[in-house]
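Asker: This is the structure I have questions about; it appears just below.
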Amino acid sequence: MSSPSHAGDTPIIRRDQLAAVLADGEKPRGDWRIGTEHEKFGFRTDDLRPPGFDGERGIEALLKGLTRFGWDAVEEGGRTIALYKDGASVTLEPAGQLELSGAPLEHIHQTCREVGSHLREVRAVADELGLGFLGMGFQPKWRREDMPWMPKGRYRIMREYMPKVGGLGLDMMTRTCTVQVNLDYASEADMVKKFRVALALQPVATALFADSPFTEGRPNGFLSYRSHIWTDTDPDRTGMLDFVFEDGFGYERYVEYLLDVPMYFVYRDGRYIDVAGKSFRDFLVGRLDVLPGELPTLRDWNDHMTTAFPEVRLKKYLEMRGADGGPWNRLCALPAFWVGLLYDDAALDAAWDLVKDFTRAERHALRDGVPKHALGLPFRGTTVRELARRALEIAAAGLARRGCRNESGDDEREFLAPLLEVVDAGETPAERKLALYHGPWQGDVDRVFREFAY
């Protein structure tokens, strides 16, 4: 989840300023970058419990320990709640899930080096504190009430609001982890095409990365329970955004959607003001009762954009939000999948040809079905496995044409290997863990912390 925006305090006096924020994200192809984010669960190595914020073995101690690697501390209320360095940040999700928001990079070789460096730094500090970190989509062992809460004002507001609008929102906040990639667009038309392809194929990413089959130590009946949780979090700010496929979609239409998303907060003078459920439309005309007569700023608008959680999110770039968290190689595989599909013109055309005749009902059937069935979900006489195979073929061809090579001469296609293995085997990461649980682990989910920690 995002931190307060660093956008300017320019007052919003015209509606066209809202769409202009999105248009400002347009970049020529030579300036397109790749931003990868991933979250991971911390645990104490002696009892597997999630660490709290305070104490010698707490999350704040970990953050402070990471400053030895050149990270600058970010404070809220006198507490270290984030780190920043060279365009990247380390932040905290509500229950202390540790998130790396990577710098905008040119190719996936750089992304993977960045991820690897971060995980080595975290491991160095965590070992000293008796902590470990696990990449999965859902906390496999602990109950909601066992999860700590981080001292961030934004999360306090969301924690109070979530139960009013959905049954699983607090689980989303405290017991899920994801990996996502943020990608650029050249123009409004380019944004629209990429948005449509990304939304239609987001269920494929969910299936390929499905890795959340356990709840409180037992199988939960899903392969991506994290994805299922979003279906009962908050209908006003989640979902497949059917209007993206309608004629005339563009920046203005997305602005209208955002204006209908209820607010969470306004950030003023270093503190979060609770406006949960109130209307940004009222704020635009000075009728927000908490701040009577005050008009929003571009900083407020940028903050509000971060409080919508659809399957694909538009800010000044497009965010792909469908994948469960996982191990190092899958953290590199997600940007490879989407860069291959969206950053090469021929691949983008082929991907659009693959999905352009999907009906609304089919898109929703994919979205609703993959959390439970993943690659095995029936689709058009075959399964999502075959749809994933075709998408990976298109992505691989796109990466080959990009021709971004490392020092050994390998291009970015190498990062698709974990996903090709999943498709060839017809077995998701979740299904592999379930086989271990029912076999060698003999029903002991604690083994996941020892065998799959970073």
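We label chains A, B, ... in the order they appear in the structure tokens, count residues from 1 in each chain, and number ligands from 1 in the order shown.
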Check the DSSP output for the backbone and give back, as a VMD selection string, the residues of segment 129-225 of chain A in strand (DSSP E or B).
Answerer: chain A and resid 131 to 134 138 176 178 to 183 212 214 to 215 218 to 219 224
Asker: Output N, CA and C atoms of each residue in that selection to a file, as a tab-separated table (two decimals), in the first residue's frame.
Answerer:
chain	number	residue	atom	x	y	z
A	131	LEU	N	14.89	-13.49	12.81
A	131	LEU	CA	13.70	-13.37	11.97
A	131	LEU	C	13.94	-14.06	10.64
A	132	GLY	N	12.85	-14.46	10.00
A	132	GLY	CA	12.88	-14.97	8.65
A	132	GLY	C	11.78	-14.32	7.83
A	133	PHE	N	11.82	-14.52	6.50
A	133	PHE	CA	10.79	-13.95	5.63
A	133	PHE	C	10.35	-14.99	4.61
A	134	LEU	N	9.06	-14.98	4.35
A	134	LEU	CA	8.41	-15.99	3.50
A	134	LEU	C	7.61	-15.29	2.41
A	138	PHE	N	-0.80	-15.78	0.98
A	138	PHE	CA	-1.61	-15.65	2.19
A	138	PHE	C	-0.87	-16.26	3.36
A	176	THR	N	-2.22	-10.94	3.53
A	176	THR	CA	-1.92	-11.19	2.13
A	176	THR	C	-0.60	-10.55	1.74
A	178	THR	N	1.63	-9.78	-2.14
A	178	THR	CA	1.55	-9.82	-3.60
A	178	THR	C	2.88	-9.43	-4.21
A	179	VAL	N	3.00	-9.65	-5.51
A	179	VAL	CA	4.06	-9.07	-6.32
A	179	VAL	C	3.36	-8.39	-7.49
A	180	GLN	N	3.81	-7.19	-7.83
A	180	GLN	CA	3.19	-6.48	-8.95
A	180	GLN	C	4.27	-5.78	-9.76
A	181	VAL	N	3.91	-5.42	-10.97
A	181	VAL	CA	4.83	-4.67	-11.82
A	181	VAL	C	4.09	-3.44	-12.35
A	182	ASN	N	4.81	-2.34	-12.44
A	182	ASN	CA	4.27	-1.07	-12.88
A	182	ASN	C	4.93	-0.70	-14.21
A	183	LEU	N	4.10	-0.42	-15.22
A	183	LEU	CA	4.60	-0.20	-16.57
A	183	LEU	C	4.05	1.09	-17.16
A	212	SER	N	-1.43	-19.61	-2.43
A	212	SER	CA	-2.02	-19.32	-1.11
A	212	SER	C	-3.09	-20.35	-0.77
A	214	PHE	N	-3.32	-22.29	2.04
A	214	PHE	CA	-3.51	-22.62	3.45
A	214	PHE	C	-4.08	-21.45	4.22
A	215	THR	N	-4.95	-21.75	5.16
A	215	THR	CA	-5.47	-20.77	6.12
A	215	THR	C	-5.42	-21.41	7.51
A	218	ARG	N	-4.34	-25.15	7.64
A	218	ARG	CA	-5.05	-26.20	6.89
A	218	ARG	C	-5.35	-25.73	5.47
A	219	PRO	N	-5.53	-26.67	4.54
A	219	PRO	CA	-5.96	-26.27	3.20
A	219	PRO	C	-7.28	-25.52	3.26
A	224	SER	N	-5.41	-19.74	-4.99
A	224	SER	CA	-5.04	-18.36	-4.69
A	224	SER	C	-6.12	-17.76	-3.80
Asker: Can you list, as a list of chain:residue names, every protein, DNA or RNA residue that comes within 10 Å of segment 284-287 of chain A when you count only C-alpha atoms, leaving out same-chain residues fewer than 5 positions away?
Answerer: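 So the residues in contact are A:Pro11, A:Ile12, A:Ile13, A:Arg14, A:Arg15, A:Leu259, A:Ser279, A:Pro292, A:Gly293, A:Glu294, A:Leu295, A:Pro296, A:Thr297, A:Trp301.
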Asker: Generate a file of the selected residues that holds N, CA and C atoms, formatted as a PDB file, in the first residue's frame.
Answerer:
ATOM      1  N   PRO A  11      -3.645  23.688  -5.603  1.00  0.00           N
ATOM      2  CA  PRO A  11      -5.094  23.473  -5.449  1.00  0.00           C
ATOM      3  C   PRO A  11      -5.735  23.014  -6.758  1.00  0.00           C
ATOM      4  N   ILE A  12      -6.732  22.170  -6.645  1.00  0.00           N
ATOM      5  CA  ILE A  12      -7.483  21.731  -7.819  1.00  0.00           C
ATOM      6  C   ILE A  12      -8.665  22.683  -7.995  1.00  0.00           C
ATOM      7  N   ILE A  13      -8.622  23.447  -9.059  1.00  0.00           N
ATOM      8  CA  ILE A  13      -9.687  24.417  -9.321  1.00  0.00           C
ATOM      9  C   ILE A  13     -10.441  24.099 -10.607  1.00  0.00           C
ATOM     10  N   ARG A  14      -9.917  23.137 -11.401  1.00  0.00           N
ATOM     11  CA  ARG A  14     -10.578  22.732 -12.642  1.00  0.00           C
ATOM     12  C   ARG A  14     -10.575  21.213 -12.734  1.00  0.00           C
ATOM     13  N   ARG A  15     -11.648  20.654 -13.242  1.00  0.00           N
ATOM     14  CA  ARG A  15     -11.740  19.201 -13.365  1.00  0.00           C
ATOM     15  C   ARG A  15     -10.670  18.635 -14.295  1.00  0.00           C
ATOM     16  N   LEU A 259     -13.654   9.201  -8.890  1.00  0.00           N
ATOM     17  CA  LEU A 259     -14.492  10.122  -8.126  1.00  0.00           C
ATOM     18  C   LEU A 259     -15.637   9.401  -7.422  1.00  0.00           C
ATOM     19  N   SER A 279     -17.116  11.737  -0.076  1.00  0.00           N
ATOM     20  CA  SER A 279     -17.021  11.870  -1.528  1.00  0.00           C
ATOM     21  C   SER A 279     -15.962  12.884  -1.950  1.00  0.00           C
ATOM     22  N   PRO A 292     -14.328  22.095   5.904  1.00  0.00           N
ATOM     23  CA  PRO A 292     -15.310  22.956   5.231  1.00  0.00           C
ATOM     24  C   PRO A 292     -14.651  24.111   4.473  1.00  0.00           C
ATOM     25  N   GLY A 293     -15.081  24.255   3.211  1.00  0.00           N
ATOM     26  CA  GLY A 293     -14.592  25.334   2.374  1.00  0.00           C
ATOM     27  C   GLY A 293     -13.230  25.097   1.757  1.00  0.00           C
ATOM     28  N   GLU A 294     -12.520  24.039   2.168  1.00  0.00           N
ATOM     29  CA  GLU A 294     -11.177  23.769   1.656  1.00  0.00           C
ATOM     30  C   GLU A 294     -11.255  22.949   0.380  1.00  0.00           C
ATOM     31  N   LEU A 295     -10.434  23.326  -0.609  1.00  0.00           N
ATOM     32  CA  LEU A 295     -10.364  22.592  -1.864  1.00  0.00           C
ATOM     33  C   LEU A 295      -9.202  21.597  -1.823  1.00  0.00           C
ATOM     34  N   PRO A 296      -9.347  20.479  -2.523  1.00  0.00           N
ATOM     35  CA  PRO A 296      -8.251  19.509  -2.548  1.00  0.00           C
ATOM     36  C   PRO A 296      -7.072  20.016  -3.365  1.00  0.00           C
ATOM     37  N   THR A 297      -5.929  19.402  -3.120  1.00  0.00           N
ATOM     38  CA  THR A 297      -4.722  19.681  -3.887  1.00  0.00           C
ATOM     39  C   THR A 297      -4.397  18.480  -4.766  1.00  0.00           C
ATOM     40  N   TRP A 301      -5.323  14.350  -4.581  1.00  0.00           N
ATOM     41  CA  TRP A 301      -5.779  13.515  -5.700  1.00  0.00           C
ATOM     42  C   TRP A 301      -4.865  12.319  -5.895  1.00  0.00           C
TER      43      TRP A 301
END
Asker: Write out as an MDAnalysis selection string all residues of segment 246-361 of chain A that DSSP puts in helix (DSSP H, G or I) for this structure's backbone.
Answerer: chainID A and resid 251:259 280:284 298:305 328:342 345:355 360:361
Asker: List the spatial neighbours of Gly130 of chain A as JSON, numbers by chain - criterion: any atom at most 12 Å away, only C-alpha atoms, same-chain residues fewer than 4 positions off excluded.
Answerer: {"A": [42, 43, 44, 45, 46, 47, 48, 49, 50, 51, 56, 57, 58, 59, 61, 62, 122, 123, 124, 125, 126]}
Asker: Please produce a file of the residues just selected, as an mmCIF file, in the first residue's frame, where the atoms kept are C-alpha atoms.
Answerer:
data_model
loop_
_atom_site.group_PDB
_atom_site.id
_atom_site.type_symbol
_atom_site.label_atom_id
_atom_site.label_comp_id
_atom_site.auth_asym_id
_atom_site.auth_seq_id
_atom_site.Cartn_x
_atom_site.Cartn_y
_atom_site.Cartn_z
ATOM 1 C CA GLY A 42 8.111 -11.814 8.492
ATOM 2 C CA PHE A 43 8.260 -14.486 11.173
ATOM 3 C CA ARG A 44 10.296 -15.189 14.301
ATOM 4 C CA THR A 45 12.434 -18.214 13.635
ATOM 5 C CA ASP A 46 11.907 -19.739 17.089
ATOM 6 C CA ASP A 47 8.092 -19.737 17.250
ATOM 7 C CA LEU A 48 7.095 -18.667 13.689
ATOM 8 C CA ARG A 49 4.961 -15.807 15.013
ATOM 9 C CA PRO A 50 4.825 -12.552 13.025
ATOM 10 C CA PRO A 51 7.004 -9.891 14.652
ATOM 11 C CA GLU A 56 14.573 -5.758 19.933
ATOM 12 C CA ARG A 57 13.233 -8.220 17.356
ATOM 13 C CA GLY A 58 10.533 -5.962 15.940
ATOM 14 C CA ILE A 59 9.978 -4.586 12.464
ATOM 15 C CA ALA A 61 14.527 -2.732 14.538
ATOM 16 C CA LEU A 62 14.776 -4.455 11.155
ATOM 17 C CA VAL A 122 17.088 -8.226 4.629
ATOM 18 C CA ARG A 123 18.543 -11.660 5.339
ATOM 19 C CA ALA A 124 21.686 -10.144 6.859
ATOM 20 C CA VAL A 125 19.709 -8.043 9.341
ATOM 21 C CA ALA A 126 16.961 -10.609 9.923
#
Asker: Select from segment 259-350 of chain A every residue with an atom at most 12 Å from any atom of segment 423-433 of chain A, then for each give the shortest pair of atoms and their distance in Å to one decimal, using only C-alpha atoms, rows by chain and rising number, as a Markdown table.
Answerer:
| residue | atom | partner | partner_atom | distance |
| --- | --- | --- | --- | --- |
| A:Ala323 | CA | A:Pro429 | CA | 11.9 |
| A:Asp324 | CA | A:Pro429 | CA | 10.0 |
| A:Gly325 | CA | A:Pro429 | CA | 10.7 |
| A:Gly326 | CA | A:Pro429 | CA | 8.7 |
| A:Pro327 | CA | A:Pro429 | CA | 10.1 |
| A:Arg330 | CA | A:Pro429 | CA | 10.2 |
Asker: Please produce an output containing C-alpha atoms for each residue in the selection, written as a compact mmCIF listing (two decimals), in the first residue's frame.
Answerer:
# COMPACT_ATOMS: atom_id res chain seq x y z
CA ALA A 323 -0.27 -12.23 -8.55
CA ASP A 324 0.46 -13.93 -5.22
CA GLY A 325 3.80 -13.28 -3.58
CA GLY A 326 6.45 -15.94 -4.01
CA PRO A 327 10.16 -16.83 -4.11
CA ARG A 330 8.89 -15.64 -9.48
Asker: So that I can check the surroundings of Tyr161 of chain A, please list as a list in words every protein, DNA and RNA residue that reaches within 12 Å of it, counting only C-alpha atoms and ignoring chain neighbours fewer than 2 positions away.
Answerer: Arg154, Tyr155, Arg156, Ile157, Met158, Arg159, Pro163, Lys164, Val165, Gly166, Gly167, Leu168, Gly169, Leu170, Met173, Thr233, Asp234, Pro262, Met263, Tyr264, Phe265, Asp274, Val275, Ala276, Gly277 and Lys278 of chain A
Asker: Excluding same-chain residues fewer than 4 positions from Arg143 of chain A, what lies within 9 Å of it counting only C-alpha atoms, as a list in words?
Answerer: Gln139, Met147, Arg175, Thr215 and Glu216 of chain A
Asker: Kindly provide the residues of segment 243-278 of chain A that approach segment 198-207 of chain A to within 12 Å, each paired with its closest atom pair and their distance in Å to one decimal, based on only C-alpha atoms, listed by chain and increasing number, as a tab-separated table.
Answerer:
residue	atom	partner	partner_atom	distance
A:Phe243	CA	A:Leu199	CA	11.2
A:Val244	CA	A:Leu199	CA	8.7
A:Phe245	CA	A:Leu199	CA	9.4
